[in-house]
file work.cif (mmCIF, C-alpha atoms)
data_input
loop_
_atom_site.label_atom_id
_atom_site.label_comp_id
_atom_site.auth_asym_id
_atom_site.auth_seq_id
_atom_site.Cartn_x
_atom_site.Cartn_y
_atom_site.Cartn_z
CA MET A 1 19.80 57.68 -86.68
CA ASN A 2 16.24 58.11 -87.76
CA ASN A 3 13.17 56.20 -86.75
CA LYS A 4 13.52 53.62 -89.55
CA GLU A 5 17.04 52.65 -88.58
CA PHE A 6 16.06 52.54 -84.97
CA ILE A 7 13.16 50.18 -85.66
CA SER A 8 15.23 47.82 -87.77
CA LYS A 9 17.97 47.66 -85.15
CA LEU A 10 15.45 47.05 -82.42
CA ALA A 11 13.78 44.28 -84.42
CA LYS A 12 17.12 42.59 -84.98
CA ARG A 13 18.15 42.89 -81.35
CA CYS A 14 14.90 41.48 -79.99
CA GLY A 15 14.43 38.88 -82.72
CA ILE A 16 11.10 40.23 -83.86
CA SER A 17 9.75 41.49 -87.15
CA PRO A 18 9.97 45.20 -87.95
CA ALA A 19 6.17 45.43 -87.83
CA GLU A 20 6.19 43.99 -84.34
CA ALA A 21 8.95 46.38 -83.38
CA VAL A 22 6.88 49.33 -84.60
CA ALA A 23 3.92 48.15 -82.55
CA GLY A 24 6.20 47.61 -79.58
CA VAL A 25 7.68 51.10 -79.80
CA GLU A 26 4.21 52.54 -80.15
CA SER A 27 2.91 50.89 -77.01
CA PHE A 28 6.12 51.67 -75.17
CA VAL A 29 5.77 55.34 -76.05
CA THR A 30 2.14 55.16 -74.92
CA VAL A 31 3.29 53.83 -71.56
CA ILE A 32 5.81 56.64 -71.18
CA THR A 33 3.26 59.25 -72.24
CA ASP A 34 0.63 57.98 -69.84
CA ARG A 35 3.09 57.93 -66.96
CA LEU A 36 4.23 61.47 -67.70
CA LYS A 37 0.62 62.59 -67.95
CA ASP A 38 0.18 61.40 -64.37
CA ASN A 39 3.13 63.49 -63.21
CA ASP A 40 5.21 60.37 -62.72
CA GLN A 41 8.95 60.35 -62.95
CA LEU A 42 10.58 57.67 -65.07
CA ASN A 43 14.05 56.85 -63.96
CA VAL A 44 16.05 54.80 -66.46
CA SER A 45 19.33 53.95 -64.83
CA GLY A 46 22.33 54.58 -67.03
CA PHE A 47 20.27 56.76 -69.32
CA GLY A 48 18.38 59.52 -67.56
CA VAL A 49 15.14 60.69 -66.07
CA PHE A 50 11.93 61.54 -67.88
CA GLU A 51 9.69 63.91 -65.99
CA VAL A 52 7.28 66.78 -66.49
CA LYS A 53 7.80 70.36 -65.54
CA MET A 54 5.40 73.18 -64.94
CA ARG A 55 5.98 76.39 -66.82
CA ASN A 56 4.32 79.49 -65.43
CA GLU A 57 2.46 81.97 -67.54
CA ARG A 58 4.60 84.83 -68.77
CA VAL A 59 4.45 87.94 -70.87
CA SER A 60 6.35 87.74 -74.12
CA VAL A 61 7.05 90.61 -76.46
CA ASN A 62 7.32 90.51 -80.20
CA PRO A 63 10.57 92.40 -80.75
CA LYS A 64 9.50 93.65 -84.17
CA THR A 65 6.09 95.06 -83.37
CA GLY A 66 6.37 95.51 -79.61
CA GLN A 67 3.17 93.55 -79.35
CA ARG A 68 2.86 91.83 -76.00
CA PHE A 69 1.34 88.45 -75.37
CA LEU A 70 0.37 86.65 -72.24
CA VAL A 71 1.64 83.13 -72.76
CA PRO A 72 -0.44 80.65 -70.78
CA PRO A 73 1.06 78.21 -68.30
CA LYS A 74 1.90 74.79 -69.59
CA ILE A 75 3.27 71.44 -68.60
CA VAL A 76 6.24 70.24 -70.61
CA PRO A 77 8.00 66.90 -70.77
CA ALA A 78 11.61 67.11 -69.74
CA PHE A 79 14.61 64.83 -69.76
CA ARG A 80 17.67 64.88 -67.57
CA SER A 81 20.53 62.71 -68.67
CA SER A 82 22.31 60.70 -66.03
CA ASN A 83 25.76 61.72 -64.89
CA LYS A 84 27.16 58.47 -66.22
CA LEU A 85 26.00 59.40 -69.67
CA LYS A 86 27.43 62.90 -69.43
CA ASP A 87 30.85 61.49 -68.68
CA LYS A 88 30.51 59.00 -71.49
CA PHE A 89 30.02 61.68 -74.14
CA ASN A 90 32.90 63.76 -72.85
CA GLU A 91 35.51 61.04 -72.85
CA MET B 1 0.66 60.28 -59.48
CA ASP B 2 4.00 61.78 -58.62
CA ALA B 3 5.51 58.34 -58.38
CA LYS B 4 9.07 57.54 -59.22
CA LEU B 5 9.29 54.61 -61.56
CA ASN B 6 12.39 52.72 -62.46
CA HIS B 7 13.43 50.46 -65.28
CA SER B 8 11.60 47.38 -64.05
CA ASP B 9 8.38 49.29 -63.31
CA LEU B 10 8.52 50.62 -66.83
CA SER B 11 8.96 47.20 -68.42
CA ALA B 12 6.21 45.73 -66.24
CA LEU B 13 3.82 48.44 -67.41
CA PHE B 14 4.96 47.89 -70.97
CA ALA B 15 4.32 44.14 -70.70
CA LYS B 16 0.78 44.91 -69.60
CA GLN B 17 0.23 47.45 -72.35
CA ALA B 18 1.64 45.35 -75.20
CA GLU B 19 0.30 42.10 -73.75
CA ILE B 20 3.61 40.29 -73.87
CA SER B 21 5.55 38.37 -71.28
CA GLY B 22 7.53 40.19 -68.64
CA ALA B 23 10.82 38.73 -69.80
CA LYS B 24 10.24 39.89 -73.36
CA ALA B 25 9.26 43.32 -72.17
CA GLU B 26 12.43 43.48 -70.09
CA ILE B 27 14.55 42.63 -73.14
CA PHE B 28 12.69 45.13 -75.27
CA THR B 29 13.06 47.95 -72.75
CA LYS B 30 16.74 47.30 -72.34
CA ALA B 31 17.30 47.12 -76.10
CA PHE B 32 15.28 50.29 -76.57
CA PHE B 33 17.59 52.44 -74.46
CA ASP B 34 20.75 50.60 -75.49
CA ILE B 35 20.06 51.27 -79.13
CA ILE B 36 19.36 54.93 -78.41
CA LEU B 37 22.77 55.14 -76.74
CA GLU B 38 24.45 53.39 -79.63
CA GLY B 39 22.79 55.69 -82.10
CA LEU B 40 23.87 58.72 -80.11
CA GLU B 41 27.45 57.53 -80.06
CA LYS B 42 27.35 56.86 -83.77
CA ASP B 43 25.39 59.78 -85.20
CA GLY B 44 24.84 62.05 -82.24
CA ILE B 45 21.11 62.09 -82.91
CA VAL B 46 18.29 59.58 -82.51
CA LYS B 47 14.73 60.22 -83.57
CA ILE B 48 11.85 58.15 -82.30
CA ASN B 49 8.39 58.77 -83.63
CA GLY B 50 5.90 59.78 -80.99
CA LEU B 51 8.52 60.28 -78.32
CA GLY B 52 10.97 62.85 -79.59
CA THR B 53 14.56 63.41 -80.55
CA PHE B 54 17.64 62.72 -78.49
CA LYS B 55 20.58 64.79 -79.51
CA VAL B 56 24.11 65.32 -78.31
CA THR B 57 24.86 69.02 -78.38
CA ASP B 58 28.04 70.94 -77.80
CA VAL B 59 28.22 73.43 -75.02
CA ALA B 60 30.71 76.17 -75.68
CA SER B 61 33.31 76.99 -73.06
CA ARG B 62 32.47 80.03 -70.97
CA SER B 63 34.07 82.01 -68.23
CA SER B 64 32.56 82.07 -64.81
CA VAL B 65 33.44 82.97 -61.25
CA ASP B 66 34.46 80.55 -58.55
CA VAL B 67 31.76 80.79 -55.91
CA ASN B 68 34.16 80.31 -53.00
CA THR B 69 37.21 82.31 -54.01
CA GLY B 70 35.74 84.83 -56.45
CA ASP B 71 38.43 84.02 -59.00
CA LYS B 72 37.61 83.90 -62.64
CA ILE B 73 37.50 80.39 -63.96
CA GLU B 74 36.73 78.91 -67.30
CA ILE B 75 34.11 76.25 -67.69
CA LYS B 76 35.33 74.08 -70.52
CA GLY B 77 33.15 73.26 -73.47
CA HIS B 78 31.49 69.88 -73.24
CA LYS B 79 28.81 67.76 -74.77
CA LYS B 80 25.44 67.12 -73.31
CA LEU B 81 22.46 65.03 -74.17
CA THR B 82 19.30 66.94 -74.91
CA PHE B 83 15.83 65.70 -75.52
CA LEU B 84 13.33 67.43 -77.74
CA PRO B 85 9.88 66.01 -77.08
CA ALA B 86 7.69 65.23 -80.06
CA ASP B 87 4.58 67.34 -80.59
CA ALA B 88 2.33 64.38 -79.80
CA LEU B 89 4.02 63.88 -76.43
CA LYS B 90 3.95 67.60 -75.66
CA GLU B 91 0.29 67.82 -76.45
CA LYS B 92 -0.68 64.84 -74.35
CA VAL B 93 1.33 65.99 -71.35
CA ASN B 94 -0.07 69.50 -71.61
CA GLN B 95 -3.66 68.28 -71.82
CA PRO B 96 -4.78 69.91 -68.55
CA PHE B 97 -3.84 73.32 -69.94
CA ALA B 98 -4.77 72.58 -73.52
CA MET B 99 -7.60 75.12 -73.59
CA PHE B 100 -5.28 78.09 -73.13
CA GLU B 101 -3.97 80.14 -75.97
CA PRO B 102 -1.68 83.13 -75.94
CA VAL B 103 -3.60 86.34 -75.52
CA GLU B 104 -2.62 89.72 -76.83
CA ILE B 105 -2.20 92.28 -74.10
CA ASP B 106 -3.76 95.70 -74.53
CA GLU B 107 -1.18 98.39 -75.22
CA ASN B 108 -2.75 100.68 -72.64
CA TYR B 109 -1.83 98.28 -69.94
CA VAL B 110 1.00 99.56 -67.80
CA ASP B 111 2.89 97.29 -65.53
CA GLU B 112 1.81 98.11 -61.98
CA ASP B 113 5.25 97.79 -60.51
CA ALA B 114 6.54 100.27 -63.05
CA GLU B 115 3.62 102.54 -62.23
CA ASN B 116 4.11 102.54 -58.51
CA ILE B 117 7.76 103.39 -58.42
CA PRO B 118 7.49 106.76 -60.19
CA ILE B 119 4.61 107.79 -57.94
CA GLU B 120 6.66 107.13 -54.88
CA ALA B 121 9.60 108.97 -56.36
CA GLU B 122 7.37 111.95 -57.11
CA ALA B 123 6.02 111.92 -53.62
CA GLN B 124 9.51 111.95 -52.21
CA GLU B 125 10.47 114.84 -54.44
CA ASN B 126 7.44 116.76 -53.32
CA ALA B 127 8.29 116.11 -49.73
CA GLU B 128 11.79 117.44 -50.24
CA THR B 129 10.83 120.62 -52.09
CA ASP B 130 7.70 121.69 -50.27
CA THR B 131 8.74 121.22 -46.70
CA LYS B 132 7.28 124.56 -45.64
CA GLU B 133 3.78 124.15 -46.87
CA VAL B 134 1.93 121.91 -44.50
CA VAL B 135 -1.01 121.43 -46.81
CA GLU B 136 1.17 120.13 -49.54
CA GLU B 137 2.80 117.75 -47.17
CA ALA B 138 -0.56 116.43 -46.14
CA CYS B 139 -1.29 115.86 -49.80
CA VAL B 140 1.95 114.03 -50.18
CA GLU B 141 1.17 111.93 -47.19
CA ASN B 142 -2.15 111.16 -48.71
CA ASN B 143 -0.39 110.23 -51.87
CA ASN B 144 2.00 108.07 -50.03
CA SER B 145 -0.41 106.17 -47.95
CA PRO B 146 -2.53 104.76 -50.76
CA VAL B 147 0.58 103.62 -52.50
CA ALA B 148 1.75 101.92 -49.37
CA GLU B 149 -1.63 100.37 -49.03
CA THR B 150 -1.68 99.09 -52.55
CA VAL B 151 1.77 97.69 -52.14
CA ALA B 152 0.76 96.03 -48.92
CA GLU B 153 -2.26 94.62 -50.60
CA LYS B 154 -0.28 93.33 -53.45
CA LEU B 155 2.29 91.55 -51.38
CA PRO B 156 -0.01 88.88 -49.98
CA GLU B 157 -1.54 88.50 -53.40
CA ASP B 158 1.83 87.80 -54.89
CA THR B 159 2.56 85.17 -52.33
CA GLU B 160 -0.84 83.72 -52.95
CA GLN B 161 -0.08 83.60 -56.60
CA GLU B 162 3.15 81.85 -55.95
CA GLU B 163 1.35 79.32 -53.90
CA ASN B 164 -1.17 78.92 -56.61
CA ASP B 165 1.55 78.35 -59.13
CA LYS B 166 2.56 75.21 -57.36
CA THR B 167 -0.72 73.47 -57.97
CA PRO B 168 -1.85 73.13 -61.57
CA ASP B 169 -5.55 73.16 -60.67
CA ALA B 170 -5.29 76.41 -58.82
CA ILE B 171 -3.48 77.95 -61.70
CA ILE B 172 -6.13 76.83 -64.07
CA GLU B 173 -8.59 78.70 -61.95
CA SER B 174 -6.53 81.80 -61.70
CA VAL B 175 -5.86 81.76 -65.38
CA LYS B 176 -9.48 81.09 -66.12
CA ASN B 177 -10.33 84.11 -64.07
CA SER B 178 -7.92 86.33 -65.83
CA TYR B 179 -7.87 84.70 -69.18
CA PRO B 180 -11.01 84.61 -71.27
CA LEU B 181 -11.58 88.26 -70.51
CA THR B 182 -8.77 89.18 -72.90
CA GLU B 183 -8.45 92.27 -70.81
CA PRO B 184 -5.27 93.84 -69.51
CA VAL B 185 -3.81 92.27 -66.46
CA ASN B 186 -4.30 95.40 -64.35
CA VAL B 187 -8.03 94.91 -64.53
CA THR B 188 -7.71 91.41 -63.21
CA GLU B 189 -5.42 92.70 -60.51
CA ASP B 190 -8.05 95.22 -59.52
CA SER B 191 -10.67 92.55 -59.39
CA LYS B 192 -8.36 90.53 -57.20
CA ALA B 193 -7.99 93.49 -54.87
CA LYS B 194 -11.75 93.83 -54.84
CA LYS B 195 -12.07 90.17 -54.08
CA ASN B 196 -9.67 90.58 -51.23
CA LYS B 197 -11.70 93.47 -49.82
CA LEU B 198 -14.87 91.49 -50.27
CA PHE B 199 -13.28 88.62 -48.44
CA TYR B 200 -12.33 90.83 -45.50
CA THR B 201 -15.76 92.42 -45.28
CA LEU B 202 -17.27 88.96 -45.37
CA LEU B 203 -15.01 87.89 -42.53
CA ILE B 204 -16.04 90.90 -40.48
CA CYS B 205 -19.70 90.22 -41.20
CA ILE B 206 -19.33 86.63 -40.07
CA ALA B 207 -17.56 87.72 -36.89
CA VAL B 208 -20.32 90.22 -36.08
CA LEU B 209 -22.97 87.62 -36.75
CA LEU B 210 -21.22 85.18 -34.46
CA VAL B 211 -21.07 87.73 -31.67
CA VAL B 212 -24.75 88.57 -32.09
CA PHE B 213 -25.64 84.91 -32.12
CA GLY B 214 -23.58 84.31 -29.00
CA LEU B 215 -25.33 87.18 -27.20
CA PHE B 216 -28.66 85.82 -28.30
CA LEU B 217 -27.82 82.40 -26.94
CA PHE B 218 -26.63 83.95 -23.71
CA SER B 219 -29.82 85.90 -23.20
CA GLU B 220 -32.00 83.14 -24.51
CA ASN B 221 -32.20 80.92 -21.45
CA PRO B 222 -33.99 83.27 -19.05
CA LYS B 223 -36.31 84.31 -21.82
CA VAL B 224 -37.20 80.77 -22.60
CA ALA B 225 -37.73 80.01 -18.97
CA LYS B 226 -40.02 83.01 -18.66
CA TYR B 227 -41.87 82.00 -21.72
CA LYS B 228 -42.27 78.47 -20.48
CA SER B 229 -43.54 79.54 -17.11
CA ASP B 230 -45.97 81.93 -18.75
CA VAL B 231 -47.32 79.19 -20.87
CA ALA B 232 -47.52 76.93 -17.87
CA LYS B 233 -49.42 79.54 -15.86
CA THR B 234 -51.93 80.22 -18.54
CA SER B 235 -52.76 76.93 -20.07
CA VAL B 236 -50.90 73.89 -18.95
CA VAL B 237 -51.07 73.86 -15.21
CA GLN B 238 -54.77 73.43 -14.57
CA PRO B 239 -55.52 70.57 -16.90
CA VAL B 240 -52.33 68.82 -16.11
CA LYS B 241 -52.96 69.02 -12.40
CA GLU B 242 -56.20 67.25 -13.02
CA GLN B 243 -54.28 64.71 -15.00
CA ILE B 244 -52.07 64.07 -12.06
CA LYS B 245 -55.01 63.53 -9.81
CA ASP B 246 -56.50 61.17 -12.30
CA SER B 247 -53.38 59.18 -12.62
CA VAL B 248 -52.94 59.15 -8.88
CA VAL B 249 -56.43 57.82 -8.49
CA ASN B 250 -55.71 55.21 -11.06
CA ALA B 251 -52.62 54.39 -9.04
CA GLU B 252 -50.78 53.14 -12.04
CA PRO B 253 -47.40 54.80 -11.95
CA VAL B 254 -46.19 53.37 -15.22
CA VAL B 255 -43.01 54.73 -16.58
CA LYS B 256 -44.74 56.16 -19.59
CA GLU B 257 -46.89 58.33 -17.43
CA GLU B 258 -43.89 59.82 -15.79
CA GLU B 259 -43.45 62.12 -18.70
CA PRO B 260 -46.38 64.38 -17.87
CA TYR B 261 -45.40 64.20 -14.19
CA LYS B 262 -42.02 65.59 -14.82
CA PHE B 263 -43.33 68.36 -16.89
CA THR B 264 -46.19 69.41 -14.72
CA MET B 265 -44.31 69.33 -11.47
CA ARG B 266 -41.59 71.40 -12.97
CA GLU B 267 -44.08 73.90 -14.25
CA GLU B 268 -45.94 74.04 -10.97
CA LEU B 269 -42.73 74.78 -9.17
CA ALA B 270 -41.90 77.40 -11.67
CA SER B 271 -45.27 79.03 -11.26
CA LYS B 272 -45.06 79.03 -7.48
CA SER B 273 -42.42 80.99 -5.64
CA VAL B 274 -39.21 79.35 -6.71
CA GLY B 275 -36.97 78.11 -3.98
CA SER B 276 -39.62 77.70 -1.31
CA ILE B 277 -38.61 74.09 -1.12
CA GLY B 278 -35.09 75.06 -0.37
CA ARG B 279 -36.15 76.72 2.89
CA GLY B 280 -37.42 73.48 4.26
CA ASP B 281 -39.93 75.27 6.49
CA THR B 282 -42.95 74.78 4.34
CA LEU B 283 -43.91 71.50 2.85
CA LEU B 284 -45.36 71.75 -0.59
CA TYR B 285 -46.03 68.06 -0.88
CA VAL B 286 -47.09 65.26 1.37
CA ALA B 287 -45.93 61.71 0.90
CA ASP B 288 -48.84 59.40 0.24
CA GLY B 289 -47.85 55.78 -0.10
CA SER B 290 -45.00 54.63 -2.25
CA LEU B 291 -44.87 55.13 -5.95
CA ALA B 292 -42.16 52.63 -6.77
CA THR B 293 -39.18 50.81 -5.45
CA HIS B 294 -35.92 52.03 -6.83
CA THR B 295 -32.71 50.07 -6.81
CA VAL B 296 -29.78 52.44 -6.67
CA ALA B 297 -27.38 52.00 -9.54
CA ALA B 298 -23.72 52.89 -9.51
CA ASP B 299 -22.98 56.62 -9.67
CA GLU B 300 -26.54 57.50 -8.84
CA THR B 301 -27.41 60.28 -6.45
CA LEU B 302 -30.59 61.26 -4.70
CA VAL B 303 -30.76 64.33 -6.88
CA ARG B 304 -30.75 62.17 -9.95
CA ILE B 305 -33.36 59.84 -8.62
CA ALA B 306 -35.58 62.79 -7.74
CA LEU B 307 -35.08 64.13 -11.21
CA LYS B 308 -35.99 60.78 -12.68
CA TYR B 309 -39.22 60.27 -10.78
CA TYR B 310 -40.44 63.81 -10.19
CA GLY B 311 -38.68 65.73 -12.89
CA ASP B 312 -37.34 68.06 -10.22
CA LYS B 313 -34.05 67.56 -8.49
CA ARG B 314 -35.09 69.76 -5.56
CA LEU B 315 -37.51 67.12 -4.35
CA TRP B 316 -34.82 64.72 -3.16
CA PRO B 317 -35.38 65.47 0.58
CA TYR B 318 -38.76 63.79 0.35
CA ILE B 319 -37.04 60.56 -0.59
CA VAL B 320 -34.65 60.92 2.33
CA GLN B 321 -37.50 61.63 4.69
CA TYR B 322 -39.62 58.77 3.39
CA ASN B 323 -36.84 56.25 3.64
CA LYS B 324 -35.60 57.68 6.93
CA LEU B 325 -32.06 57.83 5.67
CA HIS B 326 -29.52 59.00 8.21
CA ASP B 327 -26.94 60.05 5.71
CA PRO B 328 -28.19 61.46 2.42
CA ASN B 329 -24.70 61.13 0.97
CA GLY B 330 -24.40 57.50 1.97
CA LEU B 331 -26.12 55.95 -0.99
CA SER B 332 -24.62 52.69 -2.10
CA LYS B 333 -25.09 50.59 -5.17
CA GLY B 334 -27.91 48.06 -4.92
CA MET B 335 -29.65 49.92 -2.07
CA GLU B 336 -33.41 49.81 -2.39
CA LEU B 337 -35.28 53.05 -1.97
CA LEU B 338 -39.00 53.59 -1.74
CA ILE B 339 -40.08 56.47 -3.85
CA PRO B 340 -42.95 58.31 -2.17
CA ARG B 341 -45.97 59.41 -4.12
CA LEU B 342 -46.20 63.15 -3.61
CA LEU B 343 -49.46 64.96 -3.27
CA PRO B 344 -49.73 68.70 -2.96
CA ALA B 345 -50.01 69.75 0.67
CA LYS B 346 -53.16 71.59 1.63
#
call {"tool": "encode", "arguments": {"input": "work.cif", "output": "structure tokens"}}
result
Amino acid sequence: MNNKEFISKLAKRCGISPAEAVAGVESFVTVITDRLKDNDQLNVSGFGVFEVKMRNERVSVNPKTGQRFLVPPKIVPAFRSSNKLKDKFNE
Amino acid sequence: MDAKLNHSDLSALFAKQAEISGAKAEIFTKAFFDIILEGLEKDGIVKINGLGTFKVTDVASRSSVDVNTGDKIEIKGHKKLTFLPADALKEKVNQPFAMFEPVEIDENYVDEDAENIPIEAEAQENAETDTKEVVEEACVENNNSPVAETVAEKLPEDTEQEENDKTPDAIIESVKNSYPLTEPVNVTEDSKAKKNKLFYTLLICIAVLLVVFGLFLFSENPKVAKYKSDVAKTSVVQPVKEQIKDSVVNAEPVVKEEEPYKFTMREELASKSVGSIGRGDTLLYVADGSLATHTVAADETLVRIALKYYGDKRLWPYIVQYNKLHDPNGLSKGMELLIPRLLPAK
């Protein structure tokens, strides 16, 4: 399911126009992004948890050239699916 | 910051952001995740612009070991939901560290851990082979000890680093320190060691300074007293004595004028043989009329009263004498005392 399908389904479900749905998704994503930026944890019951994780700096090696790089630390968004969902997919 | 938000918090925030009613936001949020789930069940993949891609992936079966029994077990293959964040989301979340870029490490750089181990091994070999030659052993010991030192120095640094890693700000600093140099890590390590040494020397310096300061304070008091008395002898006493006489003649013992009294009497006493009053044999002062009437307050002692009026607590016996008190310790609150005016005895 791509973004287009998702939008049209969402519009139908909520009884709004696709344009409104696009705007809605945009602002919803903004909310999620802003929360994650503030290190918040978003817990959606029955779905999973959105959170951010800290990745330390590390040394990586290019296997071809043997060239070594120091990769800087970074913060990455992460998602953990709920146990309910795990069971659902494995039925 | 670091808050845990649930479904309703999310929809409330969304309602605020999109400026729609709470109920609508609730419906939207629910539909949002429901449709993702439906899509996953149908296609196994859902892509949302700006957020990322949800995907159901297969995990192959693998063999493992039972932690309790040690038996080999097989973990069966299963499906799991993965989330691949969109670039926009990644970028925004990583904003605090956005200024960093991967840096090429100089080839000459040798990992310090790798460097240390061979040295130690060599030292051990030396120790085994050259047991007879004492000089060599000494050398080996010398070799050993710096290594041990460096290792010891590194250990706290490592823990520090680990601590730093926990806080993003601290890591920014540490990375800033090591980063823009584009120099091998061993250099930064050295600088850290230097910093550590600097820190210790600073600590020692501060400790020494504190000790010196403490000694100075300790020795200061007598010095100051000496200095004061010197000053009093040379310049203050004569004019101030005259002042006293003047003020006595004026017979206006206003509180404001007590200030010079205090000072001068103290200085006079300091300039004369200290403690002569304590003997009680010689009278330095003669009572001449009363200066004021003092009502004793709670917790007040004769010593304090003497200090208040004369600036010298040793003069309290004059008050006792003047008031003909039987028991100097029997002061009570509200008692009225006459404070004698003291003139130097001839």
call {"tool": "atom_distance", "arguments": {"input": "work.cif", "atom1": "atom CA of Asn90 of chain A", "atom2": "atom CA of Val67 of chain B"}}
result
24.0 Å
call {"tool": "interface_residues", "arguments": {"input": "work.cif", "of": "chain A", "to": "chain B", "cutoff": "6 Å", "atoms": "all atoms listed in the file", "output": "list in words"}}
result
Met1, Asn2, Asn3, Ser27, Phe28, Lys37, Asp38, Asn39, Asp40, Gln41, Leu42, Asn43, Val44, Arg68, Phe69, Leu70, Val71, Pro72, Lys74, Ile75 and Phe79 of chain A
call {"tool": "write_last_selection", "arguments": {"input": "work.cif", "atoms": "C-alpha atoms", "output": "PDB file, keeping the file's coordinate frame"}}
result
ATOM      1  CA  MET A   1      19.800  57.680 -86.680  1.00  0.00           C
ATOM      2  CA  ASN A   2      16.240  58.110 -87.760  1.00  0.00           C
ATOM      3  CA  ASN A   3      13.170  56.200 -86.750  1.00  0.00           C
ATOM      4  CA  SER A  27       2.910  50.890 -77.010  1.00  0.00           C
ATOM      5  CA  PHE A  28       6.120  51.670 -75.170  1.00  0.00           C
ATOM      6  CA  LYS A  37       0.620  62.590 -67.950  1.00  0.00           C
ATOM      7  CA  ASP A  38       0.180  61.400 -64.370  1.00  0.00           C
ATOM      8  CA  ASN A  39       3.130  63.490 -63.210  1.00  0.00           C
ATOM      9  CA  ASP A  40       5.210  60.370 -62.720  1.00  0.00           C
ATOM     10  CA  GLN A  41       8.950  60.350 -62.950  1.00  0.00           C
ATOM     11  CA  LEU A  42      10.580  57.670 -65.070  1.00  0.00           C
ATOM     12  CA  ASN A  43      14.050  56.850 -63.960  1.00  0.00           C
ATOM     13  CA  VAL A  44      16.050  54.800 -66.460  1.00  0.00           C
ATOM     14  CA  ARG A  68       2.860  91.830 -76.000  1.00  0.00           C
ATOM     15  CA  PHE A  69       1.340  88.450 -75.370  1.00  0.00           C
ATOM     16  CA  LEU A  70       0.370  86.650 -72.240  1.00  0.00           C
ATOM     17  CA  VAL A  71       1.640  83.130 -72.760  1.00  0.00           C
ATOM     18  CA  PRO A  72      -0.440  80.650 -70.780  1.00  0.00           C
ATOM     19  CA  LYS A  74       1.900  74.790 -69.590  1.00  0.00           C
ATOM     20  CA  ILE A  75       3.270  71.440 -68.600  1.00  0.00           C
ATOM     21  CA  PHE A  79      14.610  64.830 -69.760  1.00  0.00           C
TER      22      PHE A  79
END
call {"tool": "axis_aligned_box", "arguments": {"input": "work.cif", "around": "segment 57-76 of chain A", "padding_each_side": "3 Å", "output": "lines of an AutoDock Vina configuration file"}}
result
center_x = 5.1
center_y = 82.9
center_z = -75.9
size_x = 17.0
size_y = 31.3
size_z = 22.6
call {"tool": "closest_residue", "arguments": {"input": "work.cif", "among": "A:Ala21, A:Val52, A:Val31, A:Ala11", "to": "Pro77 of chain A", "atoms": "all atoms listed in the file"}}
result
A:Val52
call {"tool": "atom_distance", "arguments": {"input": "work.cif", "atom1": "atom CA of Pro18 of chain A", "atom2": "atom CA of Phe50 of chain A"}}
result
26.0 Å
call {"tool": "decode", "arguments": {"input": "work.cif", "residues": "segment 43-67 of chain A", "atoms": "C-alpha atoms", "output": "CSV table (one decimal), in the first residue's frame"}}
result
chain,number,residue,atom,x,y,z
A,43,ASN,CA,2.9,4.6,22.8
A,44,VAL,CA,0.1,3.6,20.4
A,45,SER,CA,-1.7,0.7,22.1
A,46,GLY,CA,-2.3,-2.2,19.8
A,47,PHE,CA,0.3,-0.9,17.4
A,48,GLY,CA,3.6,-0.2,18.9
A,49,VAL,CA,6.0,2.4,20.3
A,50,PHE,CA,7.7,5.2,18.5
A,51,GLU,CA,10.9,6.4,20.2
A,52,VAL,CA,14.3,7.7,19.5
A,53,LYS,CA,17.6,6.0,20.2
A,54,MET,CA,21.1,7.2,20.6
A,55,ARG,CA,23.8,5.7,18.4
A,56,ASN,CA,27.3,6.1,19.5
A,57,GLU,CA,30.1,7.1,17.3
A,58,ARG,CA,32.0,4.2,15.7
A,59,VAL,CA,34.8,3.3,13.4
A,60,SER,CA,33.7,1.8,10.1
A,61,VAL,CA,36.0,0.2,7.6
A,62,ASN,CA,35.5,0.2,3.8
A,63,PRO,CA,36.1,-3.5,3.1
A,64,LYS,CA,37.4,-2.8,-0.4
A,65,THR,CA,39.9,-0.1,0.3
A,66,GLY,CA,40.6,-0.7,4.0
A,67,GLN,CA,39.8,3.0,4.5
